[in-house]
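So this block is structure_16.txt, compact mmCIF, C-alpha atoms:
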```txt
# COMPACT_ATOMS: atom_id res chain seq x y z
CA MET A 1 -23.25 -13.10 31.34
CA GLU A 2 -23.78 -16.88 31.03
CA ALA A 3 -27.18 -16.29 29.43
CA SER A 4 -25.64 -13.78 27.04
CA LEU A 5 -22.85 -16.18 26.09
CA ASP A 6 -25.35 -19.02 25.62
CA GLN A 7 -27.41 -16.79 23.34
CA THR A 8 -24.30 -15.92 21.34
CA LEU A 9 -23.47 -19.61 20.92
CA GLN A 10 -27.04 -20.49 19.91
CA GLU A 11 -27.14 -17.72 17.33
CA GLY A 12 -23.82 -18.90 15.94
CA LYS A 13 -25.24 -22.41 15.52
CA LEU A 14 -28.31 -20.98 13.78
CA VAL A 15 -26.15 -19.04 11.30
CA ARG A 16 -24.11 -22.14 10.48
CA GLN A 17 -27.31 -24.18 10.02
CA VAL A 18 -28.74 -21.63 7.58
CA ASN A 19 -25.46 -21.63 5.67
CA ALA A 20 -25.59 -25.44 5.45
CA PHE A 21 -29.15 -25.31 4.04
CA ILE A 22 -28.08 -22.80 1.38
CA VAL A 23 -25.05 -24.87 0.32
CA ALA A 24 -27.11 -28.09 0.19
CA TYR A 25 -29.82 -26.43 -1.90
CA LEU A 26 -27.36 -25.02 -4.44
CA ARG A 27 -25.32 -28.23 -4.60
CA ASP A 28 -28.29 -30.56 -5.10
CA ASN A 29 -29.80 -28.31 -7.75
CA ASN A 30 -26.62 -28.59 -9.84
CA LEU A 31 -25.49 -25.05 -9.06
CA HIS A 32 -22.04 -26.32 -8.18
CA GLN A 33 -20.06 -23.11 -8.69
CA ALA A 34 -22.46 -21.13 -6.52
CA ALA A 35 -22.42 -23.87 -3.88
CA MET A 36 -18.61 -23.87 -3.80
CA ALA A 37 -18.52 -20.07 -3.55
CA VAL A 38 -20.96 -19.98 -0.62
CA ALA A 39 -19.24 -22.90 1.08
CA SER A 40 -15.88 -21.15 0.82
CA ALA A 41 -17.20 -17.76 1.92
CA THR A 42 -19.07 -19.14 4.96
CA MET A 43 -16.60 -21.90 5.82
CA THR A 44 -19.34 -24.53 5.40
CA PRO A 45 -18.43 -28.09 4.27
CA LEU A 46 -19.53 -28.63 0.66
CA ALA A 47 -20.51 -32.18 1.60
CA THR A 48 -22.91 -31.02 4.31
CA ASP A 49 -25.66 -33.58 4.95
CA ALA A 50 -28.43 -30.96 5.27
CA PRO A 51 -31.61 -31.99 3.37
CA ALA A 52 -31.65 -30.40 -0.10
CA ASN A 53 -35.23 -29.13 0.08
CA ARG A 54 -35.13 -28.03 3.70
CA LEU A 55 -34.36 -24.43 2.72
CA LEU A 56 -37.44 -24.19 0.49
CA GLU A 57 -39.62 -25.76 3.18
CA LEU A 58 -38.47 -23.26 5.80
CA VAL A 59 -38.83 -20.26 3.48
CA THR A 60 -42.35 -21.36 2.49
CA LYS A 61 -43.39 -21.81 6.11
CA GLY A 62 -41.74 -18.55 7.14
CA LEU A 63 -43.52 -16.54 4.44
CA ALA A 64 -46.85 -18.08 5.43
CA VAL A 65 -46.31 -17.16 9.07
CA GLU A 66 -45.18 -13.67 8.09
CA ARG A 67 -48.35 -13.09 6.03
CA ASP A 68 -50.50 -14.35 8.87
CA GLU A 69 -48.78 -12.19 11.48
CA ALA A 70 -48.83 -9.15 9.19
CA SER A 71 -52.59 -9.49 8.82
CA ARG A 72 -52.83 -9.33 12.62
CA GLY A 73 -50.32 -6.44 12.91
CA VAL A 74 -47.66 -8.52 14.68
CA SER A 75 -44.03 -9.04 13.69
CA ALA A 76 -43.51 -12.67 12.73
CA ALA A 77 -40.00 -12.73 14.12
CA SER A 78 -40.96 -11.31 17.50
CA ALA A 79 -44.03 -13.55 17.73
CA ALA A 80 -41.99 -16.66 17.05
CA GLY A 81 -39.27 -15.61 19.46
CA ILE A 82 -36.64 -15.69 16.71
CA PRO A 83 -33.47 -13.92 17.89
CA VAL A 84 -32.03 -11.01 15.96
CA LEU A 85 -28.76 -12.30 14.57
CA LEU A 86 -25.61 -10.78 15.96
CA GLY A 87 -24.34 -10.73 12.40
CA SER A 88 -26.53 -7.73 11.61
CA MET A 89 -24.00 -4.98 11.08
CA PRO A 90 -24.51 -1.29 11.85
CA VAL A 91 -24.81 1.13 8.97
CA PRO A 92 -21.63 3.24 8.73
CA THR A 93 -22.12 6.80 9.87
CA GLN A 94 -21.44 9.90 7.79
CA ALA A 95 -17.74 10.61 7.49
CA ILE A 96 -15.37 13.01 5.79
CA ASP A 97 -14.53 12.31 2.14
CA PHE A 98 -10.77 12.79 2.22
CA SER A 99 -10.39 11.90 -1.46
CA THR A 100 -12.25 14.90 -2.85
CA MET A 101 -11.80 17.72 -0.35
CA PRO A 102 -8.73 19.87 -1.05
CA GLU A 103 -6.04 20.70 1.48
CA THR A 104 -6.41 24.38 2.29
CA LYS A 105 -3.57 25.67 4.44
CA GLY A 106 -4.69 28.03 7.14
CA SER A 107 -8.19 26.56 7.26
CA SER A 108 -7.41 24.03 9.98
CA LYS A 109 -9.85 23.64 12.84
CA THR A 110 -8.95 24.17 16.48
CA PHE A 111 -8.78 21.07 18.65
CA PRO A 112 -10.64 21.64 21.94
CA LYS A 113 -8.60 21.87 25.12
CA HIS A 114 -8.56 18.84 27.39
CA GLU A 115 -7.83 18.26 31.04
CA THR A 116 -6.02 15.14 32.21
CA ARG A 117 -5.51 13.12 35.34
CA HIS A 118 -3.39 10.15 36.40
CA VAL A 119 -5.95 7.43 37.16
CA SER A 120 -3.84 4.36 37.95
CA GLU A 121 -0.58 2.59 37.27
CA HIS A 122 0.70 -0.91 36.68
CA LYS A 123 3.77 -2.48 38.26
CA ASN A 124 5.56 -2.45 34.92
CA PHE A 125 5.19 -0.87 31.46
CA ALA A 126 1.59 -0.12 30.43
CA ARG A 127 1.63 -1.51 26.88
CA CYS A 128 -1.89 -1.18 25.45
CA ALA A 129 -5.40 0.16 26.02
CA ARG A 130 -8.88 -0.32 24.54
CA PHE A 131 -12.30 1.25 25.02
CA SER A 132 -15.47 -0.85 25.02
CA PRO A 133 -17.76 -0.21 22.02
CA ASP A 134 -20.26 1.67 24.21
CA GLY A 135 -17.48 3.81 25.71
CA ARG A 136 -18.34 2.80 29.28
CA PHE A 137 -15.13 0.91 30.02
CA VAL A 138 -11.41 1.05 29.29
CA ALA A 139 -8.97 -1.83 29.70
CA THR A 140 -5.18 -1.58 29.89
CA GLY A 141 -2.58 -4.33 29.61
CA SER A 142 0.92 -4.40 31.06
CA SER A 143 4.31 -6.04 30.98
CA ASP A 144 3.53 -7.12 34.55
CA THR A 145 0.98 -9.54 32.92
CA SER A 146 -2.00 -7.80 34.55
CA ILE A 147 -5.07 -6.27 32.93
CA LYS A 148 -6.90 -3.38 34.58
CA LEU A 149 -10.52 -2.56 33.81
CA PHE A 150 -11.67 1.02 34.37
CA GLU A 151 -15.17 2.48 34.54
CA VAL A 152 -15.16 5.66 32.44
CA SER A 153 -17.72 7.44 34.62
CA LYS A 154 -15.35 7.05 37.58
CA MET A 155 -12.41 8.23 35.50
CA LYS A 156 -14.38 11.41 34.79
CA GLN A 157 -14.94 11.86 38.51
CA ALA A 158 -11.22 11.44 39.10
CA VAL A 159 -10.51 14.32 36.73
CA LEU A 160 -12.53 16.60 39.00
CA ALA A 161 -10.00 17.86 41.53
CA ASP A 162 -12.66 18.93 44.01
CA SER A 163 -14.42 15.58 44.39
CA ARG A 164 -16.42 15.89 47.59
CA ASP A 165 -16.73 12.16 48.18
CA GLY A 166 -13.05 11.50 48.73
CA PRO A 167 -10.70 9.55 46.45
CA VAL A 168 -12.31 7.97 43.41
CA ARG A 169 -11.14 4.50 42.43
CA PRO A 170 -11.82 4.05 38.71
CA VAL A 171 -10.25 0.54 38.53
CA ILE A 172 -13.13 -1.91 39.00
CA ARG A 173 -11.40 -5.19 38.04
CA THR A 174 -7.84 -6.49 37.80
CA PHE A 175 -7.20 -9.74 35.95
CA TYR A 176 -4.17 -12.00 36.34
CA ASP A 177 -3.93 -15.02 34.08
CA HIS A 178 -1.10 -14.49 31.58
CA SER A 179 2.50 -15.55 32.10
CA GLN A 180 3.99 -13.00 29.66
CA PRO A 181 3.34 -9.31 28.81
CA ILE A 182 -0.02 -8.25 27.37
CA ASN A 183 0.10 -7.02 23.76
CA ASP A 184 -3.49 -6.07 22.91
CA LEU A 185 -7.08 -6.12 24.14
CA ASP A 186 -10.60 -6.03 22.73
CA PHE A 187 -14.18 -6.07 24.02
CA HIS A 188 -16.92 -8.33 22.70
CA PRO A 189 -19.39 -6.13 20.77
CA GLN A 190 -22.46 -7.38 22.64
CA SER A 191 -21.52 -9.07 25.90
CA THR A 192 -19.36 -8.44 28.95
CA VAL A 193 -16.36 -10.32 27.61
CA LEU A 194 -12.85 -8.88 27.35
CA ILE A 195 -10.14 -10.69 25.40
CA SER A 196 -6.39 -10.27 25.62
CA GLY A 197 -3.50 -11.36 23.41
CA ALA A 198 -0.09 -11.88 24.97
CA LYS A 199 3.47 -13.00 24.45
CA ASP A 200 2.62 -16.34 26.07
CA ASN A 201 0.94 -17.36 22.75
CA THR A 202 -2.58 -17.23 24.19
CA ILE A 203 -5.84 -15.35 23.76
CA LYS A 204 -7.82 -15.27 26.99
CA PHE A 205 -11.49 -14.52 27.62
CA PHE A 206 -12.48 -12.66 30.80
CA ASP A 207 -16.03 -12.14 32.07
CA PHE A 208 -15.99 -8.71 33.67
CA SER A 209 -19.60 -8.93 34.85
CA LYS A 210 -18.41 -11.12 37.71
CA THR A 211 -16.89 -9.08 40.52
CA VAL A 212 -14.78 -11.89 41.97
CA ALA A 213 -13.48 -13.38 38.71
CA ARG A 214 -9.76 -12.79 38.28
CA ARG A 215 -8.91 -15.50 35.75
CA ALA A 216 -10.00 -16.32 32.22
CA PHE A 217 -12.98 -18.61 31.64
CA ARG A 218 -11.80 -19.61 28.15
CA VAL A 219 -8.39 -19.79 26.49
CA ILE A 220 -7.25 -20.08 22.88
CA GLN A 221 -3.75 -21.53 22.63
CA ASP A 222 -2.07 -20.13 19.52
CA THR A 223 1.29 -21.24 18.16
CA HIS A 224 2.80 -17.76 18.08
CA ASN A 225 3.20 -14.60 20.11
CA VAL A 226 -0.24 -12.93 19.90
CA ARG A 227 0.48 -9.30 19.06
CA SER A 228 -3.03 -8.06 18.28
CA VAL A 229 -6.67 -9.15 18.62
CA SER A 230 -9.92 -7.89 17.07
CA PHE A 231 -13.51 -9.12 17.38
CA HIS A 232 -15.70 -9.32 14.30
CA PRO A 233 -18.65 -6.90 14.81
CA SER A 234 -20.97 -9.92 15.04
CA GLY A 235 -18.95 -11.32 17.93
CA GLU A 236 -18.83 -14.71 16.23
CA TYR A 237 -15.21 -14.55 15.11
CA LEU A 238 -11.98 -12.94 16.18
CA LEU A 239 -8.73 -12.17 14.43
CA ALA A 240 -5.28 -12.60 15.89
CA GLY A 241 -2.22 -10.87 14.51
CA THR A 242 0.82 -12.87 15.56
CA ASP A 243 4.46 -13.50 14.73
CA HIS A 244 3.07 -15.51 11.78
CA PRO A 245 2.72 -13.34 8.62
CA ILE A 246 -0.93 -14.33 8.00
CA PRO A 247 -3.70 -13.29 10.44
CA HIS A 248 -5.32 -16.15 12.34
CA LEU A 249 -9.12 -16.24 12.13
CA TYR A 250 -10.88 -18.02 14.99
CA ASP A 251 -14.48 -19.18 15.35
CA ILE A 252 -15.18 -18.33 19.00
CA ASN A 253 -17.72 -21.17 19.30
CA THR A 254 -15.44 -23.97 18.12
CA PHE A 255 -12.02 -22.30 18.53
CA LYS A 256 -11.19 -23.60 15.06
CA CYS A 257 -8.41 -21.58 13.44
CA TYR A 258 -8.49 -20.69 9.74
CA LEU A 259 -5.42 -19.73 7.72
CA THR A 260 -6.93 -19.07 4.32
CA ALA A 261 -4.00 -17.33 2.63
CA ASN A 262 -0.60 -18.63 1.69
CA ALA A 263 2.24 -16.51 3.04
CA HIS A 264 4.47 -17.56 0.14
CA ASP A 265 1.91 -16.42 -2.45
CA LEU A 266 1.67 -13.01 -0.75
CA ASN A 267 5.41 -12.78 -0.24
CA ALA A 268 4.55 -12.08 3.39
CA LYS A 269 7.30 -12.94 5.85
CA ALA A 270 6.97 -10.49 8.73
CA ALA A 271 5.03 -10.56 11.97
CA ILE A 272 1.77 -8.61 12.26
CA ASN A 273 1.81 -5.70 14.70
CA GLN A 274 -1.89 -4.90 14.49
CA VAL A 275 -5.11 -6.24 13.01
CA ARG A 276 -8.45 -4.40 12.99
CA TYR A 277 -11.88 -5.12 11.53
CA SER A 278 -13.84 -2.45 9.66
CA SER A 279 -17.12 -1.20 11.15
CA THR A 280 -19.26 -3.78 9.33
CA GLY A 281 -16.74 -6.62 9.33
CA SER A 282 -16.66 -6.72 5.52
CA MET A 283 -12.90 -6.07 5.62
CA TYR A 284 -9.96 -6.11 7.98
CA VAL A 285 -6.53 -4.54 7.82
CA THR A 286 -3.10 -5.63 9.06
CA ALA A 287 0.02 -3.62 9.82
CA SER A 288 3.23 -5.64 9.61
CA LYS A 289 6.81 -5.39 10.81
CA ASP A 290 8.05 -5.26 7.20
CA GLY A 291 6.31 -1.88 6.77
CA SER A 292 3.38 -3.26 4.76
CA ILE A 293 -0.35 -2.64 5.12
CA ARG A 294 -2.73 -5.29 3.78
CA VAL A 295 -6.49 -5.15 3.31
CA TRP A 296 -8.38 -8.46 3.59
CA ASP A 297 -11.87 -9.51 2.54
CA GLY A 298 -13.88 -10.14 5.71
CA VAL A 299 -15.85 -13.00 4.11
CA THR A 300 -13.26 -14.92 2.09
CA ALA A 301 -10.32 -13.93 4.33
CA GLN A 302 -8.23 -13.32 1.21
CA CYS A 303 -5.86 -10.38 0.82
CA VAL A 304 -7.51 -7.98 -1.64
CA ARG A 305 -5.13 -5.02 -1.48
CA PRO A 306 -1.50 -5.28 -0.39
CA ILE A 307 0.27 -1.95 0.18
CA VAL A 308 3.84 -3.20 0.32
CA GLY A 309 6.33 -0.81 1.87
CA ALA A 310 3.63 1.53 3.13
CA HIS A 311 6.14 2.78 5.67
CA GLY A 312 9.27 1.96 3.70
CA LEU A 313 11.51 -0.56 5.42
CA MET A 314 10.34 0.50 8.89
CA GLU A 315 7.64 -1.27 10.87
CA ALA A 316 3.99 -0.40 10.35
CA THR A 317 2.76 -0.24 13.94
CA SER A 318 -0.96 0.50 13.61
CA ALA A 319 -3.72 0.54 11.00
CA SER A 320 -7.46 1.15 11.25
CA PHE A 321 -10.44 2.01 9.03
CA THR A 322 -12.48 5.18 8.99
CA LYS A 323 -16.13 4.70 9.94
CA ASP A 324 -17.27 4.57 6.30
CA GLN A 325 -14.57 1.96 5.51
CA ARG A 326 -13.24 4.01 2.59
CA PHE A 327 -9.91 4.98 4.14
CA ILE A 328 -7.20 3.53 6.36
CA LEU A 329 -5.07 5.43 8.84
CA SER A 330 -1.65 3.88 9.42
CA CYS A 331 1.34 4.69 11.60
CA GLY A 332 4.93 3.51 11.37
CA LYS A 333 8.38 3.66 12.89
CA ASP A 334 9.42 5.94 10.02
CA SER A 335 7.78 8.73 12.08
CA THR A 336 4.94 9.18 9.59
CA ILE A 337 1.20 8.77 9.79
CA LYS A 338 -0.53 8.10 6.48
CA LEU A 339 -4.06 8.05 5.09
CA TRP A 340 -4.82 5.55 2.33
CA GLU A 341 -7.77 5.11 0.00
CA VAL A 342 -9.02 1.53 0.31
CA GLY A 343 -10.46 1.27 -3.20
CA THR A 344 -7.24 2.24 -4.99
CA GLY A 345 -4.47 1.83 -2.41
CA ARG A 346 -3.59 5.47 -3.13
CA LEU A 347 -1.76 7.54 -0.50
CA LEU A 348 -3.92 10.59 0.15
CA LYS A 349 -2.27 12.41 3.05
CA GLN A 350 0.76 12.33 5.34
CA TYR A 351 0.91 13.70 8.86
CA VAL A 352 4.47 14.49 9.90
CA GLY A 353 6.28 16.27 12.68
CA ALA A 354 6.15 13.66 15.46
CA VAL A 355 8.97 11.20 16.15
CA HIS A 356 8.04 7.57 16.77
CA THR A 357 10.80 5.07 16.10
CA GLN A 358 10.90 2.80 19.17
CA PHE A 359 7.46 1.60 20.28
CA ARG A 360 4.29 0.31 18.61
CA CYS A 361 3.05 3.86 18.29
CA GLN A 362 -0.64 4.38 17.55
CA ALA A 363 -2.32 7.03 15.42
CA VAL A 364 -6.04 7.43 16.05
CA PHE A 365 -8.93 9.59 14.92
CA ASN A 366 -11.02 11.52 17.37
CA GLY A 367 -14.73 10.67 17.43
CA THR A 368 -15.70 12.96 14.54
CA GLU A 369 -12.65 11.97 12.45
CA GLU A 370 -11.78 15.65 12.09
CA PHE A 371 -8.50 15.24 14.00
CA ILE A 372 -5.70 12.70 14.34
CA LEU A 373 -3.86 12.09 17.61
CA SER A 374 -0.48 10.45 18.19
CA ILE A 375 2.66 10.61 20.33
CA ASP A 376 6.04 12.27 19.84
CA GLU A 377 8.46 9.98 21.65
CA SER A 378 11.39 12.39 21.53
CA SER A 379 9.56 15.32 23.15
CA ASN A 380 7.13 13.29 25.28
CA GLU A 381 4.14 15.12 23.81
CA VAL A 382 0.67 14.41 22.47
CA VAL A 383 0.43 15.74 18.91
CA ILE A 384 -2.83 16.56 17.11
CA TRP A 385 -3.32 17.21 13.38
CA ASP A 386 -6.28 18.50 11.42
CA ALA A 387 -7.21 15.35 9.49
CA LEU A 388 -8.19 17.26 6.35
CA THR A 389 -5.38 19.82 6.03
CA ALA A 390 -2.67 17.62 7.65
CA GLU A 391 -1.51 20.63 9.69
CA LYS A 392 -0.46 20.26 13.32
CA VAL A 393 -3.02 22.11 15.42
CA ALA A 394 -1.95 21.22 18.97
CA ILE A 395 1.08 19.95 20.88
CA TRP A 396 0.54 19.11 24.54
CA PRO A 397 2.88 17.78 27.24
CA SER A 398 1.89 14.18 27.84
CA ASN A 399 2.28 14.56 31.62
CA HIS A 400 3.90 11.11 31.65
CA VAL A 401 7.38 10.78 33.14
CA ALA A 402 8.42 8.91 29.99
CA ALA A 403 6.79 9.07 26.56
CA PRO A 404 3.53 7.12 26.27
CA ARG A 405 3.57 4.09 24.03
CA TRP A 406 -0.19 3.89 23.41
CA ILE A 407 -3.05 6.33 22.78
CA GLU A 408 -6.70 5.32 22.41
CA HIS A 409 -9.70 7.54 21.76
CA SER A 410 -13.22 6.95 23.06
CA PRO A 411 -15.73 5.81 20.41
CA THR A 412 -18.55 7.78 22.03
CA GLU A 413 -17.24 11.07 23.45
CA ALA A 414 -14.42 13.63 23.44
CA ALA A 415 -12.02 11.69 25.66
CA PHE A 416 -8.94 9.51 25.31
CA VAL A 417 -6.37 7.59 27.34
CA THR A 418 -2.59 7.36 27.22
CA CYS A 419 -0.30 4.84 28.89
CA GLY A 420 3.37 3.99 28.72
CA ASN A 421 6.75 3.10 30.14
CA ASP A 422 6.25 5.14 33.30
CA ARG A 423 3.63 2.46 34.13
CA SER A 424 0.89 5.06 34.45
CA VAL A 425 -2.52 5.43 32.81
CA ARG A 426 -3.88 8.92 32.15
CA PHE A 427 -7.42 9.92 31.20
CA TRP A 428 -8.02 12.99 29.02
CA LYS A 429 -11.36 14.75 28.79
CA GLU A 430 -12.49 17.75 26.77
CA ILE A 431 -12.99 20.87 28.90
CA PRO A 432 -16.64 22.01 28.52
```

Since I need it in another form, could you write the structure as structure tokens?
Amino acid sequence: MEASLDQTLQEGKLVRQVNAFIVAYLRDNNLHQAAMAVASATMTPLATDAPANRLLELVTKGLAVERDEASRGVSAASAAGIPVLLGSMPVPTQAIDFSTMPETKGSSKTFPKHETRHVSEHKNFARCARFSPDGRFVATGSSDTSIKLFEVSKMKQAVLADSRDGPVRPVIRTFYDHSQPINDLDFHPQSTVLISGAKDNTIKFFDFSKTVARRAFRVIQDTHNVRSVSFHPSGEYLLAGTDHPIPHLYDINTFKCYLTANAHDLNAKAAINQVRYSSTGSMYVTASKDGSIRVWDGVTAQCVRPIVGAHGLMEATSASFTKDQRFILSCGKDSTIKLWEVGTGRLLKQYVGAVHTQFRCQAVFNGTEEFILSIDESSNEVVIWDALTAEKVAIWPSNHVAAPRWIEHSPTEAAFVTCGNDRSVRFWKEIP
């Protein structure tokens, strides 16, 4: 883990150095507007003291080495030991085009049946859950200030009632380092780091590769209740949605906080319930207590599309992008789930028929984005809609004593978790 973190820090320094060379080159060649634009976009000082011609020197040398290595059939980058930058984003996968496909009633797909099992419980309300990007782990956070880390393979074993090896214990770590309830969690996209945001105004970093570690190895002290956290896909930055109306952007290497928008200019006054990056990090979205959804540019950190009153005067409790970044799925305390087109801000679909008025209810896609899952608080049920037709296709008892307050789907397989006020965590897996 230490080697991985060191590599992350080194790569972050390399990115900032390259940015400084670009800004210096543009500035000293009288391309002032371009220099200012790059400096603003990359958060590089315009007055950087990087040598003006250093960029050209490095490019010239690099091209010469590349030609030499190519003639010998060797990759220049691998031969020189140059690391692949963590900023290289994955290409979005194929996804459904909700803007062009018509709603055809009666053509809804059938959601596969799942089996479920209670896998653990906290000492107080289970408030949030998050899968790791590779789907191997799940973390849950509680009002009892603890964080539990589960191994998904062991959760699957727990679902099997006839386990021959005795009781399976899917909880592999428990962390205690907050003084107030946990609000949200996220996993670093490349390393074994888990972060948590809590009511004690902190973001804490936990190394879950160490079996004996129970406390955070790094802490960001914010000025507000940290309601939501989200890593940039590069792992170099993280966003915090707090009681402040503007998301806080942190450089994880320096812990410097950037507030690049003016709340007054946006007429933003309400706390942020959730913040989530898109798959490439080119955008992020916030869901606020005033019912608004806002889309932000991932480079300039400026709001590019406000959807004011997306959920009327009721709180917007969750918002996330589809894999192709063209649409946003939002949920609110008005008991509606809505699908928005990012490019126009147009409302495309509404998914109704589930009551959620009390908690920070989540609405999530399944892995193929063909279905949407959420919770009906009044009936204590898991509700599933066909994402394209907006028809309810399944209603299942949650098996919780009280209605769950969080649902999270695996990014890699047909499985999800629920957790809630009965303190319990349940794992759901598709029946083969």

Q: Give the answer as one residue: which of A:Lys429, A:Thr336, A:Gln358, A:Leu259 has the shortest atom-to-atom distance to A:Thr300, using only C-alpha atoms?
A: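 Smallest separation from A:Thr300 among the options: A:Leu259.
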
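Take atom CA of A:Met36 and atom CA of A:Gln302: the distance between them is 15.6 Å.
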
Q | Nearest candidate to A:Glu115 (options A:Cys257, A:Ile203, A:Leu160, A:Val152; using all atoms listed in the file) | A |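 Closest to A:Glu115 of all the choices is A:Leu160.
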
**Q.** All residues 9 Å or closer to A:Ser153, all atoms listed in the file, same chain fewer than 6 positions away omitted, as a list in words
**A.**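 Returned residues: Arg136, Phe137 and Pro170 of chain A.
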
Q | Neighbour list for A:Asp134 as JSON, numbers by chain, cut-off 10 Å, only C-alpha atoms, skip fewer than 2 positions in-chain | A | {"A": [131, 132, 136, 137, 187, 189, 190, 410, 411, 412, 413]}

Q.
Let me make sure I understand: among A:Thr100, A:Asn19, A:Thr223, A:Asn366, which one has the smallest atom-to-atom distance to A:Val417 if we use only C-alpha atoms?
A. A:Asn366

Q: Calculate how many Å separate atom CA of A:His32 from atom CA of A:Glu57, rounding to one decimal.
A: 20.9 Å

Q: Would you please work out which residue, of A:Tyr250, A:Phe255, A:Phe321, A:Trp396, is nearest to A:Met283 when using all atoms listed in the file?
A: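 Of A:Tyr250, A:Phe255, A:Phe321, A:Trp396, the one nearest A:Met283 is A:Phe321, counting all atoms listed in the file.
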
Q | Selected residue, from A:Cys303, A:Cys331, A:Val119, A:Val212, that lies nearest to A:Ala287 when counting all atoms listed in the file | A |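 Using all atoms listed in the file, the shortest distance to A:Ala287 belongs to A:Cys331.
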
Q | Pick from A:Leu388, A:Ile182, A:Leu249, A:Ala64 nearest to A:Val299, counting all atoms listed in the file | A |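 Among the listed residues, the smallest separation from A:Val299 belongs to A:Leu249.
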
**Q.** Atomic distance atom CA of A:Glu430 - atom CA of A:Ile395, expressed in Å with one decimal
**A.**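 It comes out at 15.0 Å.
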